[in-house]
Structures are given as structure tokens and as C-alpha cells.
Amino acid sequence: MLHRAPSPVEREPASAILSPTELLFQIWGTARRHLVLIGAVTGAFLALAILYLMTAAPQFTATAVMVMDARKSTTMMNPSAANQTETPLDNPTVESQLEILRSENIAFAVVRKLKLDEDPDLTRPSGFGALKGALRSWISTPTPPTPEQKLRAAAALVDNNLSVRRVGVTFVFEITFTANDPVRAAEIANAVADAYVTDQLDAKYQSTRRAGVWMQERLAELGAQATDAERAVVDFRARNNIVDAGGGRLLSEQQLTELSTQLSGARGTASEARARLDRVEQVLASDLSDWTLTDALRNEVIIKLRNQYSEVTKREADLIKRLGSQHQAVTNVRNELSEVKRSIDEELKRIGEGYRSDYEIARARVETIETNLKDAVAEAQLSGQAQVQLRALESSAQSYRALYDSFLQRYRETVQQQSFPLTEARLITSASPPSQKSKPRASMTLAGALVMGALCGFGLAFLRDATDKTLRRPADVERQLGFACLANVPSLEGPEAGMLREVVAHPISRFAEAIRAIKLAVDDHPPERGPQIVGFLSALPGEGKSTLAANFAELAAQSGARALLVDGDFRNPSLTRRLAGTARLPLSDLLGGRAAQALVKTRDRRLDFLPAVRLEEGTSSNDVLSSPAMAALLAELKRHYDYVVVDLPPLLPIIDARASAEMIDSFVFTVEWGGTLADNARRALELSDRIQRKTVGIVLNKVDGRAAKRYFEYEYAPGKSAYYG
């Protein structure tokens, strides 16, 4: 950014990021500026498209439609799967089939079936291929292709002209082929579908055949393994005396169960016998008189004795009642009663001995069964350990047998598939010869050429704008140089002398309005109003600063102000040559303070002109411009004139203008429209901080009115010239 004092008319710098509206206007401005270029490029593209439509051979596209249906093949090859849940085709599978349709094997199969490698109309190159073949034949003598090369060339041609696509998300494929002959296009499209079906059938047959051979070998191996496993089970049973009692139980387990049952019964019998014996002993020990024992109640002897005991007891009671208890008869009856009781006790002892015998027998039986049960348990434990190994052998044998049966079933299905192969794909619509050509399509070709031409034209237009480093728009001036653009001055035509008074000759012209804008900016530049010295600058010669300075001075003089035009370009005094002929101010007059005597009046005598100084040998122009004599002269002139307009030398070639920067009150920097590079103008302004601080703004000079219509949105737009004379 240039360092300067801010100007009242200076605008804020443009934002680096353009809004959508600004971007749209920028695109529209670029198109408007380079409309001829865009039209020419678009026309060239349209001409090429028309030439292509006139010379290109018509091409025809035939389409065949196929569908993939996994349910049909599953049901036909394995009828038992008809009732099972079917797994639908997934997207990766369908995409894989599309790649198979585009594969080289299918192309080779089509070429061999239709003998396309021997068809000269199909294999003859066209377009770019024909041009390349012709160039190759000019360079070297071509060798005849081998049959393998012909086959591969025909397959490549089929692959290039073949298109296979999936219809939406369905399992339907469209196979299209494009050829110069509609009949040949339909034949090749149908041949591709047939080749795909044949390839699928052959692949399934080869797969099932290889699977059958492998399964046959595997079946023999599994059969041998199953037999060995079953034989191992039989041998193990024989070695370990394992006998099956039926129902999946071993004989030892059955014996152990029976002994457990017998032991339980024997223990019950022994307990019962022991209970009876204890009861008898209890009765005998307690001297009970009721003798309520089961066997006693059923014993005839005891029954008789009890009856006798009952009768004797009654008789005793009767005698005691009649004779008294001390009578001899009572004593005899009591002795008889004791004898009966003793007989009953003896009979009870005999029954008790029987109970004891039964108890001893039952106890002996329990001990015997317990001994046998211990032996059976020991044998069962041994059999149980062997049973673990036996079950492992039986499980292995069953696994081998089940695997063998499964492979046998699968082998039978595979053999059935070999004899009856099916594929998931089937042709649902055969390709027929098309009645209309598919390529080239005039509407699509012309539309594409129009779009491509417009895009290329826009691209070239943007490229021209991007590579154009000159200053053409006020926005470019303000963005590149950092100063306000004071005016857009149109270019002038005619004699040079007339150009210097253009503002007087045509006071309401576009040129005059631009000079007035410059004067207004100069008048507003100093904080205080008063006479001032205005210097006109440019980066390089030929940018029109002298013409602007002369017209600025003429406008000031016409407005009634006292104006003086000074030619400060001592090395190229163009104003002096056009206004004063060969008259030049002697250096001695300048140094002697007599420069005011050399003033020249213009034709209307309103404007005074001070010619350039004639330099003597060995004198430098920058020394003269920076001398105290020049400073004194300008100060003196400023006291007598409202405007002292100085035409200064360009900044880049020489340093004269920089040497006099301290004496000038304000500067007007001139750039040529479409001629001054932004880098040169920026570098010229950066040479002097004084010039930057005093610069009022930039004047865009020599604007081409006809070309400017494509850059300016207002002053040079169509219909706006009515405001100018």
C-alpha cells in the first residue's frame, strides 16, 4: 500500500472476497468486453460441429435386454429348495455379472462366433484411427497383421462399441452395441447375450464337474474313515466285555439295578422279622397276659389255652365269691391257672424261636446281597470308565457316517446338475435392427458445440483479462494504485494544436466534463482555498499529461481565474513546440529573475504560457527544477496567478519531477487507458513520498470511447451520449 495523506475523494479499498452479486457483474462485464472473442470461438466450434455432421458416417445402436433370476435356476436344479427361503441376488453379485458381460472372454466369443475378424467393413479404421494409420503408412511400410492381432483388434472394437448398464436397481441389463450397419449392430448385441449365457453355462458345468470329481475322492476317503471308526467301536466292546442289554443300557448296569432292588427287599424282610422277634421278647419279658401277637392269635394251641385260662379265671372268681380266697378249692384253681399260663408262655417262646430263625435267615440274605452288590459296583465302575472311551468312539463313528451321508447326497445333486445345467440370466428382449441412426445426433452435437464454444470463449476472455496488466477501469485504478480515479478522459483526434484547446472548442463535450472533474478535485484538495501550483505527472512519456495540463489551464482561464501554463519538461518541451514555436526561455533569464518577461499569451489572451528553459551545455534539467531560482520564480508566479499549471517530465525515465516535488502544491497523475501497466504506475508513485502525499488522484486518459463501452457501466454506455454535445 502506498504511503500518503488520505484524499477527500479517495474510496475505500475493494474487498478481496467478492459477493455473489459482484461476481455475477464481473462475469457479465468480462463477457461484454470480449463479446466478439466469445462469439468467434463459439462460431468456430459450431462450424466444426457442422463439418463433423456433414462428414461423419451414421451409426446405429441396437439393444438387447436380459434379466437375472436366481429362483428359476435354484428350483430346477434342486427341487427340494423350492420350499426353502431363497436368498436374493445382492448388488455386488449383479455388478460382477456386469463386469463379466464387458470382459474380454465375451468379446472373443462374439468375434469367433460371427467371424468379425474377417469382416473388412467392421475392422476398417475410421476417423482418428484412419488418420493415424495413414500417417504410420507414410512413415514406414506396414506389415500385415497376424490372425491373433486381427482377433484382438476385433475384440477391442467390440469392447469399445459395447455398452452394458443396469436398469435402475432392478436385475435387468441393457446390452447395446453401436455399428455402421443396423443389422450387424443387432447381431452383435444378441451374440453378446448368447455368449454370456453360454459362458455362464460352461462355467457352471466346469464348476460342478470339478466339484463332482473332488467329492468322489472325498467320499471314498470318508467311507474308509467311517468303516474304521465303526470297527474300532466293535473291537473296544469285545476287549472290555461291554454287552448291551438293550435300550442303550449295559448288562452290568442292569445287574446293578436288580441287586439294588433285591437288597432293598431283603432289608425290609429282615427288619420285619426283627420287629416280630422284639415283640415276642417284650411280651415274654413283661409277663403280659393279653398275648396280642399275630401268630398267637392264629395259633390253635394258644387259642385253646387262652379259652382254658379264661374259664379257670371265671371259676376262680366264682369260688372266691362263694368259699373265700383261703379255701383249698380256690388254691387248687389258682395252681391250675398258673399251669395254663406256663403252657402259654412256653408256646410263645416256641413262636419267638421261629421269629429268631426267620430273622437270622433274612439277615444272612441281606449280607449276601450286599456282598454281591459291592462286586457289581466295582464291575460297573470299570465298565463306566470304558464306557467313556466307548462313547467317544461311537461319537466319532457317527460323525464320520453323517458326513459321509451328507457328501453322498451332495454328490448325487452335483451329478444331477452336470446333466441339467441352468443359469440365472435369460434373454427377455432380443435386439432388432434400429430404424434410425443414434450417432451423430444433430441437436446434441450442435448444443454441445454451442456450450463448449461458449465455455472456451469465456475461458479465453477470462484469460485475456487475467493477463491484461494495463489500467482500463476506474475500479482497477483505485485497487491497483490506491488513489481515487478523478476522471475518464476520452481520446482526441485531430491536430495537436487543437487538442490543447479542446475544452474551449467543445465546452459541453465528454472531454470537457472530464477536465472539469479534475479541476473540481484539485480545488477541493487543499484544506484552505487559494492560489496553488498544480503539477501534471505520468509514469512514462506519451500518456497525454501535456494535453491535460494545457486544457486544465484553459478551463481555469475560461472560468475567470488567472491561470498560467508552465512547460516544465526541459528535455522534451512539447507544449513549447506547440504553443510558442521555437521560443524558449534562456537560462540566464530564469536565474536573473526575468522569466516573467518571456510570458506568451494564447489566442484568446486569457491564458499565459511560460515556455521551457533552454539548457546550456553542461547544465542538468533536475538542477534547474530544484534550484532556488525556480522556487523563487514559482513563488512569484503564485502571487500573480490563481492557478500555475506545470507540465512535468515523466517519473520513471528521469528524476526532474521528484526534484521539484517540494515546490508543487498538488499533483495530478495521468495513466493511459489500456496502455499504462499497473506495475509501472505503482512503481512511479512509490519513488517519492512527497508526490504521494500531494497527489490529488489518478486520471484515466486516452479512453477509447468505442472499446470503453465494454468496460464502463455509465459514462460510455449506449444511450448516454445525449448529455454531451
# chains A, B, ... in the order shown; residues from 1 in each chain; ligands from 1

call {"tool": "residues_around", "arguments": {"residues": "range 646-655 of chain A", "least_positions_apart": "2", "cutoff": "7 Å", "atoms": "only C-alpha atoms", "output": "PyMOL selection string"}}
result
chain A and resi 534-541+546+549+565-569+622+644+657-659+684

call {"tool": "write_last_selection", "arguments": {"atoms": "C-alpha atoms", "output": "PDB file, in the first residue's frame"}}
result
ATOM      1  CA  VAL A 534      -0.659  22.109  -9.932  1.00  0.00           C
ATOM      2  CA  GLY A 535       1.764  19.646 -11.478  1.00  0.00           C
ATOM      3  CA  PHE A 536       0.705  17.067 -14.108  1.00  0.00           C
ATOM      4  CA  LEU A 537       2.675  13.798 -13.988  1.00  0.00           C
ATOM      5  CA  SER A 538       2.834  10.432 -15.714  1.00  0.00           C
ATOM      6  CA  ALA A 539       4.936   7.323 -15.365  1.00  0.00           C
ATOM      7  CA  LEU A 540       6.188   7.268 -18.960  1.00  0.00           C
ATOM      8  CA  PRO A 541       6.162   9.646 -21.956  1.00  0.00           C
ATOM      9  CA  SER A 546       0.744  17.693 -21.518  1.00  0.00           C
ATOM     10  CA  ALA A 549      -2.285  20.266 -18.390  1.00  0.00           C
ATOM     11  CA  LEU A 565       0.643  27.216 -18.042  1.00  0.00           C
ATOM     12  CA  VAL A 566       4.313  26.324 -17.467  1.00  0.00           C
ATOM     13  CA  ASP A 567       6.267  23.844 -19.610  1.00  0.00           C
ATOM     14  CA  GLY A 568       8.451  22.149 -17.010  1.00  0.00           C
ATOM     15  CA  ASP A 569       9.644  19.340 -19.281  1.00  0.00           C
ATOM     16  CA  ASN A 622      16.832  18.497 -12.480  1.00  0.00           C
ATOM     17  CA  VAL A 644       0.044  27.801 -12.003  1.00  0.00           C
ATOM     18  CA  ALA A 657       9.670  15.786 -11.276  1.00  0.00           C
ATOM     19  CA  ARG A 658      10.913  14.328  -7.985  1.00  0.00           C
ATOM     20  CA  ALA A 659      13.440  17.185  -7.718  1.00  0.00           C
ATOM     21  CA  ALA A 684       6.412   5.610 -10.321  1.00  0.00           C
TER      22      ALA A 684
END

call {"tool": "residues_around", "arguments": {"residues": "Leu637 in chain A", "least_positions_apart": "4", "cutoff": "10 Å", "atoms": "only C-alpha atoms", "output": "list in words"}}
result
Pro531, Gln532, Ile533, Ala563, Leu564, Ala595, Ala596, Ala631, Ala632, Leu633, Tyr641, Asp642, Tyr643 and Val644 of chain A

call {"tool": "write_last_selection", "arguments": {"atoms": "N, CA, C and O atoms", "output": "compact mmCIF listing (two decimals), in the first residue's frame"}}
result
# COMPACT_ATOMS: atom_id res chain seq x y z
N PRO A 531 -4.51 30.41 -4.23
CA PRO A 531 -3.70 30.06 -5.39
C PRO A 531 -2.84 28.83 -5.10
O PRO A 531 -2.38 28.63 -3.98
N GLN A 532 -2.67 28.02 -6.13
CA GLN A 532 -1.86 26.83 -5.96
C GLN A 532 -1.18 26.47 -7.25
O GLN A 532 -1.60 26.85 -8.34
N ILE A 533 -0.08 25.73 -7.06
CA ILE A 533 0.70 25.24 -8.19
C ILE A 533 0.31 23.79 -8.41
O ILE A 533 0.43 22.96 -7.50
N ALA A 563 -4.77 32.18 -14.78
CA ALA A 563 -4.12 30.89 -14.98
C ALA A 563 -2.86 31.07 -15.80
O ALA A 563 -2.80 31.88 -16.72
N LEU A 564 -1.83 30.29 -15.45
CA LEU A 564 -0.55 30.28 -16.14
C LEU A 564 -0.16 28.84 -16.40
O LEU A 564 -0.19 27.99 -15.50
N ALA A 595 12.15 35.88 -15.88
CA ALA A 595 11.33 34.90 -16.59
C ALA A 595 9.95 35.44 -16.90
O ALA A 595 9.33 35.08 -17.90
N ALA A 596 9.43 36.38 -16.06
CA ALA A 596 8.08 36.90 -16.29
C ALA A 596 7.99 37.69 -17.60
O ALA A 596 6.92 37.80 -18.18
N ALA A 631 12.38 27.97 -7.52
CA ALA A 631 11.47 28.11 -6.38
C ALA A 631 11.01 29.55 -6.23
O ALA A 631 9.83 29.82 -5.96
N ALA A 632 11.94 30.47 -6.41
CA ALA A 632 11.57 31.89 -6.30
C ALA A 632 10.63 32.29 -7.42
O ALA A 632 9.67 33.06 -7.21
N LEU A 633 10.90 31.72 -8.63
CA LEU A 633 10.03 32.04 -9.76
C LEU A 633 8.61 31.55 -9.52
O LEU A 633 7.64 32.28 -9.73
N TYR A 641 -1.02 34.66 -9.96
CA TYR A 641 -1.97 33.78 -10.65
C TYR A 641 -2.71 32.93 -9.63
O TYR A 641 -2.18 32.56 -8.57
N ASP A 642 -3.96 32.60 -9.99
CA ASP A 642 -4.74 31.67 -9.16
C ASP A 642 -4.31 30.21 -9.39
O ASP A 642 -4.33 29.40 -8.46
N TYR A 643 -3.97 29.90 -10.63
CA TYR A 643 -3.54 28.54 -10.97
C TYR A 643 -2.24 28.64 -11.75
O TYR A 643 -2.18 29.32 -12.79
N VAL A 644 -1.21 27.95 -11.27
CA VAL A 644 0.04 27.80 -12.00
C VAL A 644 0.14 26.32 -12.36
O VAL A 644 0.40 25.47 -11.51

call {"tool": "residues_around", "arguments": {"residues": "Arg472 in chain A", "least_positions_apart": "6", "cutoff": "10 Å", "atoms": "only C-alpha atoms", "output": "short mmCIF file (atom, residue, chain, number, x, y, z; two decimals) with N, CA, C and O atoms, in the first residue's frame"}}
result
data_model
loop_
_atom_site.label_atom_id
_atom_site.label_comp_id
_atom_site.auth_asym_id
_atom_site.auth_seq_id
_atom_site.Cartn_x
_atom_site.Cartn_y
_atom_site.Cartn_z
N ASN A 488 -12.37 9.95 -16.39
CA ASN A 488 -12.04 9.13 -17.55
C ASN A 488 -12.05 10.04 -18.77
O ASN A 488 -13.12 10.43 -19.26
N VAL A 671 -2.54 8.32 -16.34
CA VAL A 671 -2.24 6.99 -16.88
C VAL A 671 -3.02 6.83 -18.18
O VAL A 671 -4.13 7.37 -18.33
N GLU A 672 -2.46 6.12 -19.10
CA GLU A 672 -3.09 5.92 -20.40
C GLU A 672 -4.00 4.68 -20.35
O GLU A 672 -3.60 3.61 -19.90
N TRP A 673 -5.24 4.84 -20.79
CA TRP A 673 -6.21 3.74 -20.80
C TRP A 673 -5.73 2.63 -21.73
O TRP A 673 -5.47 2.85 -22.91
N GLY A 674 -5.55 1.42 -21.16
CA GLY A 674 -5.12 0.29 -21.95
C GLY A 674 -3.67 0.35 -22.39
O GLY A 674 -3.23 -0.48 -23.19
N GLY A 675 -2.90 1.32 -21.89
CA GLY A 675 -1.51 1.45 -22.30
C GLY A 675 -0.54 1.44 -21.15
O GLY A 675 0.60 0.96 -21.28
N THR A 676 -0.93 1.98 -20.01
CA THR A 676 -0.05 2.05 -18.85
C THR A 676 -0.18 0.78 -18.02
O THR A 676 -1.30 0.40 -17.63
N LEU A 677 0.95 0.14 -17.75
CA LEU A 677 0.94 -1.04 -16.90
C LEU A 677 0.77 -0.61 -15.45
O LEU A 677 1.35 0.38 -15.00
N ALA A 678 -0.02 -1.38 -14.71
CA ALA A 678 -0.26 -1.04 -13.31
C ALA A 678 1.03 -1.07 -12.50
O ALA A 678 1.22 -0.24 -11.60
N LEU A 700 -7.58 8.71 -15.81
CA LEU A 700 -7.52 7.65 -16.82
C LEU A 700 -7.71 8.32 -18.18
O LEU A 700 -8.81 8.73 -18.56
N ASN A 701 -6.60 8.48 -18.93
CA ASN A 701 -6.56 9.31 -20.13
C ASN A 701 -6.60 8.43 -21.39
O ASN A 701 -6.34 7.24 -21.35
N VAL A 703 -9.09 7.41 -23.24
CA VAL A 703 -10.07 6.31 -23.21
C VAL A 703 -10.70 6.17 -24.58
O VAL A 703 -11.22 7.15 -25.15
N ASP A 704 -10.65 4.97 -25.14
CA ASP A 704 -11.27 4.68 -26.43
C ASP A 704 -12.78 4.55 -26.21
O ASP A 704 -13.25 3.59 -25.58
N ALA A 708 -14.47 1.40 -24.73
CA ALA A 708 -14.78 1.60 -23.32
C ALA A 708 -16.20 1.19 -22.97
O ALA A 708 -16.52 0.99 -21.80
N TYR A 711 -16.29 -1.72 -20.86
CA TYR A 711 -15.66 -1.66 -19.54
C TYR A 711 -16.43 -0.77 -18.56
O TYR A 711 -16.45 -1.04 -17.36
N PHE A 712 -17.06 0.31 -19.09
CA PHE A 712 -17.72 1.26 -18.20
C PHE A 712 -19.21 0.99 -18.19
O PHE A 712 -19.82 0.67 -19.21
#

call {"tool": "atom_distance", "arguments": {"atom1": "CA of Thr670 in chain A", "atom2": "CA of Ala580 in chain A"}}
result
23.9 Å

call {"tool": "closest_residue", "arguments": {"among": "A:Lys341, A:Arg152, A:Arg102, A:Arg441", "to": "Glu118 in chain A", "atoms": "only C-alpha atoms"}}
result
A:Arg152

call {"tool": "residues_around", "arguments": {"residues": "range 501-506 of chain A", "least_positions_apart": "4", "cutoff": "8 Å", "atoms": "only C-alpha atoms", "output": "PyMOL selection string"}}
result
chain A and resi 497+511-512+515+550-551+554-555+558+725

call {"tool": "residues_around", "arguments": {"residues": "Arg363 in chain A", "least_positions_apart": "4", "cutoff": "8 Å", "atoms": "only C-alpha atoms", "output": "list in words"}}
result
Ala266, Arg267, Ala270, Tyr359 and Glu367 of chain A

call {"tool": "closest_atom_pairs", "arguments": {"of": "range 143-262 of chain A", "to": "range 50-74 of chain A", "cutoff": "10 Å", "atoms": "only C-alpha atoms", "output": "Markdown table"}}
result
| residue | atom | partner | partner_atom | distance |
| --- | --- | --- | --- | --- |
| A:Asn161 | CA | A:Thr61 | CA | 9.3 |
| A:Leu162 | CA | A:Thr61 | CA | 9.5 |
| A:Ser163 | CA | A:Thr63 | CA | 9.3 |
| A:Val164 | CA | A:Thr63 | CA | 9.5 |
| A:Arg165 | CA | A:Val65 | CA | 10.0 |
| A:Arg166 | CA | A:Val67 | CA | 9.7 |
| A:Val167 | CA | A:Val65 | CA | 9.6 |
| A:Thr170 | CA | A:Val67 | CA | 8.7 |
| A:Phe171 | CA | A:Met68 | CA | 5.5 |
| A:Val172 | CA | A:Val67 | CA | 4.3 |
| A:Phe173 | CA | A:Met66 | CA | 5.1 |
| A:Glu174 | CA | A:Val65 | CA | 4.7 |
| A:Ile175 | CA | A:Ala64 | CA | 5.1 |
| A:Thr176 | CA | A:Thr63 | CA | 4.3 |
| A:Phe177 | CA | A:Thr61 | CA | 5.4 |
| A:Thr178 | CA | A:Thr61 | CA | 4.2 |
| A:Ala179 | CA | A:Gln59 | CA | 5.4 |
| A:Asn180 | CA | A:Gln59 | CA | 4.5 |
| A:Asp181 | CA | A:Phe60 | CA | 6.6 |
| A:Pro182 | CA | A:Phe60 | CA | 5.3 |
| A:Val183 | CA | A:Ala62 | CA | 8.5 |
| A:Arg184 | CA | A:Ala62 | CA | 8.9 |
| A:Ala185 | CA | A:Ala62 | CA | 5.5 |
| A:Ala186 | CA | A:Ala62 | CA | 5.0 |
| A:Glu187 | CA | A:Ala62 | CA | 8.6 |
| A:Ile188 | CA | A:Ala62 | CA | 8.6 |
| A:Ala189 | CA | A:Ala64 | CA | 6.1 |
| A:Asn190 | CA | A:Ala64 | CA | 6.3 |
| A:Ala191 | CA | A:Ala64 | CA | 9.6 |
| A:Val192 | CA | A:Ala64 | CA | 9.0 |
| A:Ala193 | CA | A:Met66 | CA | 7.4 |
| A:Val197 | CA | A:Met66 | CA | 9.9 |

call {"tool": "write_last_selection", "arguments": {"atoms": "N, CA, C and O atoms", "output": "short mmCIF file (atom, residue, chain, number, x, y, z; two decimals), in the first residue's frame"}}
result
data_model
loop_
_atom_site.label_atom_id
_atom_site.label_comp_id
_atom_site.auth_asym_id
_atom_site.auth_seq_id
_atom_site.Cartn_x
_atom_site.Cartn_y
_atom_site.Cartn_z
N ASN A 161 -17.35 -50.42 -28.64
CA ASN A 161 -18.69 -50.06 -29.10
C ASN A 161 -19.80 -50.72 -28.28
O ASN A 161 -20.98 -50.51 -28.57
N LEU A 162 -19.42 -51.52 -27.29
CA LEU A 162 -20.40 -52.22 -26.46
C LEU A 162 -20.66 -51.43 -25.19
O LEU A 162 -19.74 -50.90 -24.57
N SER A 163 -21.92 -51.37 -24.81
CA SER A 163 -22.32 -50.70 -23.57
C SER A 163 -23.30 -51.59 -22.82
O SER A 163 -24.29 -52.05 -23.40
N VAL A 164 -22.99 -51.84 -21.56
CA VAL A 164 -23.85 -52.67 -20.71
C VAL A 164 -24.18 -51.86 -19.47
O VAL A 164 -23.28 -51.37 -18.79
N ARG A 165 -25.46 -51.73 -19.17
CA ARG A 165 -25.86 -50.97 -17.99
C ARG A 165 -27.02 -51.65 -17.30
O ARG A 165 -27.78 -52.41 -17.91
N ARG A 166 -27.11 -51.38 -16.03
CA ARG A 166 -28.19 -51.92 -15.21
C ARG A 166 -29.36 -50.94 -15.21
O ARG A 166 -29.16 -49.73 -15.05
N VAL A 167 -30.56 -51.45 -15.34
CA VAL A 167 -31.75 -50.60 -15.38
C VAL A 167 -32.17 -50.32 -13.94
O VAL A 167 -32.76 -51.18 -13.26
N THR A 170 -33.00 -52.68 -10.54
CA THR A 170 -33.53 -53.99 -10.87
C THR A 170 -32.39 -54.93 -11.26
O THR A 170 -31.22 -54.56 -11.27
N PHE A 171 -32.76 -56.17 -11.61
CA PHE A 171 -31.80 -57.17 -12.09
C PHE A 171 -31.88 -57.30 -13.60
O PHE A 171 -31.62 -58.37 -14.15
N VAL A 172 -32.26 -56.21 -14.26
CA VAL A 172 -32.39 -56.18 -15.72
C VAL A 172 -31.19 -55.45 -16.31
O VAL A 172 -30.81 -54.38 -15.82
N PHE A 173 -30.59 -56.03 -17.36
CA PHE A 173 -29.44 -55.44 -18.05
C PHE A 173 -29.85 -55.03 -19.45
O PHE A 173 -30.62 -55.73 -20.12
N GLU A 174 -29.31 -53.90 -19.89
CA GLU A 174 -29.46 -53.48 -21.28
C GLU A 174 -28.10 -53.60 -21.97
O GLU A 174 -27.12 -52.99 -21.53
N ILE A 175 -28.06 -54.40 -23.03
CA ILE A 175 -26.84 -54.61 -23.81
C ILE A 175 -27.01 -53.88 -25.12
O ILE A 175 -27.87 -54.24 -25.94
N THR A 176 -26.24 -52.82 -25.32
CA THR A 176 -26.34 -52.01 -26.54
C THR A 176 -25.03 -52.08 -27.30
O THR A 176 -23.95 -52.08 -26.70
N PHE A 177 -25.15 -52.11 -28.62
CA PHE A 177 -23.96 -52.11 -29.48
C PHE A 177 -24.20 -51.13 -30.61
O PHE A 177 -25.30 -51.06 -31.18
N THR A 178 -23.15 -50.38 -30.94
CA THR A 178 -23.23 -49.35 -31.98
C THR A 178 -22.34 -49.75 -33.14
O THR A 178 -21.16 -50.08 -32.95
N ALA A 179 -22.91 -49.71 -34.35
CA ALA A 179 -22.16 -50.07 -35.57
C ALA A 179 -22.71 -49.24 -36.72
O ALA A 179 -23.78 -48.63 -36.64
N ASN A 180 -21.96 -49.26 -37.84
CA ASN A 180 -22.39 -48.53 -39.03
C ASN A 180 -23.56 -49.22 -39.72
O ASN A 180 -24.33 -48.58 -40.44
N ASP A 181 -23.69 -50.54 -39.53
CA ASP A 181 -24.75 -51.33 -40.15
C ASP A 181 -25.78 -51.68 -39.08
O ASP A 181 -25.42 -52.30 -38.06
N PRO A 182 -27.05 -51.33 -39.22
CA PRO A 182 -28.03 -51.65 -38.18
C PRO A 182 -28.22 -53.15 -37.97
O PRO A 182 -28.43 -53.60 -36.85
N VAL A 183 -28.13 -53.92 -39.05
CA VAL A 183 -28.30 -55.37 -38.92
C VAL A 183 -27.13 -55.97 -38.14
O VAL A 183 -27.32 -56.82 -37.25
N ARG A 184 -25.93 -55.50 -38.45
CA ARG A 184 -24.75 -56.01 -37.74
C ARG A 184 -24.80 -55.60 -36.26
O ARG A 184 -24.40 -56.37 -35.39
N ALA A 185 -25.30 -54.42 -35.98
CA ALA A 185 -25.41 -53.98 -34.58
C ALA A 185 -26.33 -54.90 -33.80
O ALA A 185 -26.04 -55.30 -32.65
N ALA A 186 -27.49 -55.28 -34.39
CA ALA A 186 -28.42 -56.19 -33.70
C ALA A 186 -27.81 -57.57 -33.54
O ALA A 186 -27.96 -58.22 -32.49
N GLU A 187 -27.11 -58.06 -34.57
CA GLU A 187 -26.48 -59.38 -34.48
C GLU A 187 -25.46 -59.43 -33.34
O GLU A 187 -25.42 -60.39 -32.56
N ILE A 188 -24.64 -58.40 -33.24
CA ILE A 188 -23.59 -58.40 -32.21
C ILE A 188 -24.21 -58.27 -30.81
O ILE A 188 -23.76 -58.93 -29.86
N ALA A 189 -25.25 -57.45 -30.66
CA ALA A 189 -25.90 -57.32 -29.35
C ALA A 189 -26.49 -58.65 -28.89
O ALA A 189 -26.32 -59.07 -27.73
N ASN A 190 -27.17 -59.36 -29.81
CA ASN A 190 -27.72 -60.67 -29.46
C ASN A 190 -26.62 -61.69 -29.22
O ASN A 190 -26.74 -62.56 -28.35
N ALA A 191 -25.53 -61.58 -30.00
CA ALA A 191 -24.42 -62.51 -29.82
C ALA A 191 -23.76 -62.32 -28.46
O ALA A 191 -23.32 -63.29 -27.83
N VAL A 192 -23.69 -61.10 -27.98
CA VAL A 192 -23.12 -60.85 -26.65
C VAL A 192 -23.97 -61.51 -25.58
O VAL A 192 -23.46 -62.15 -24.65
N ALA A 193 -25.31 -61.38 -25.70
CA ALA A 193 -26.21 -62.02 -24.73
C ALA A 193 -26.05 -63.54 -24.78
O ALA A 193 -25.96 -64.21 -23.74
N VAL A 197 -24.67 -66.12 -21.78
CA VAL A 197 -25.41 -67.29 -21.28
C VAL A 197 -24.57 -68.54 -21.44
O VAL A 197 -24.47 -69.39 -20.54
#

call {"tool": "residues_around", "arguments": {"residues": "Ser406 in chain A", "least_positions_apart": "4", "cutoff": "12 Å", "atoms": "only C-alpha atoms", "output": "PyMOL selection string"}}
result
chain A and resi 215+218-219+222-223+399-402+410-413

call {"tool": "closest_residue", "arguments": {"among": "A:Leu323, A:Ala109, A:Leu305, A:Met630", "to": "Ser338 in chain A", "atoms": "only C-alpha atoms"}}
result
A:Leu305

call {"tool": "closest_residue", "arguments": {"among": "A:Ala487, A:Ile320, A:Leu446, A:Cys456", "to": "Ala40 in chain A", "atoms": "only C-alpha atoms"}}
result
A:Cys456

call {"tool": "select_by_dssp", "arguments": {"residues": "range 332-563 of chain A", "states": "helix (DSSP H, G or I)", "output": "ChimeraX atom specification"}}
result
/A:332-419,442-467,474-481,496-499,502-505,510-524,545-558
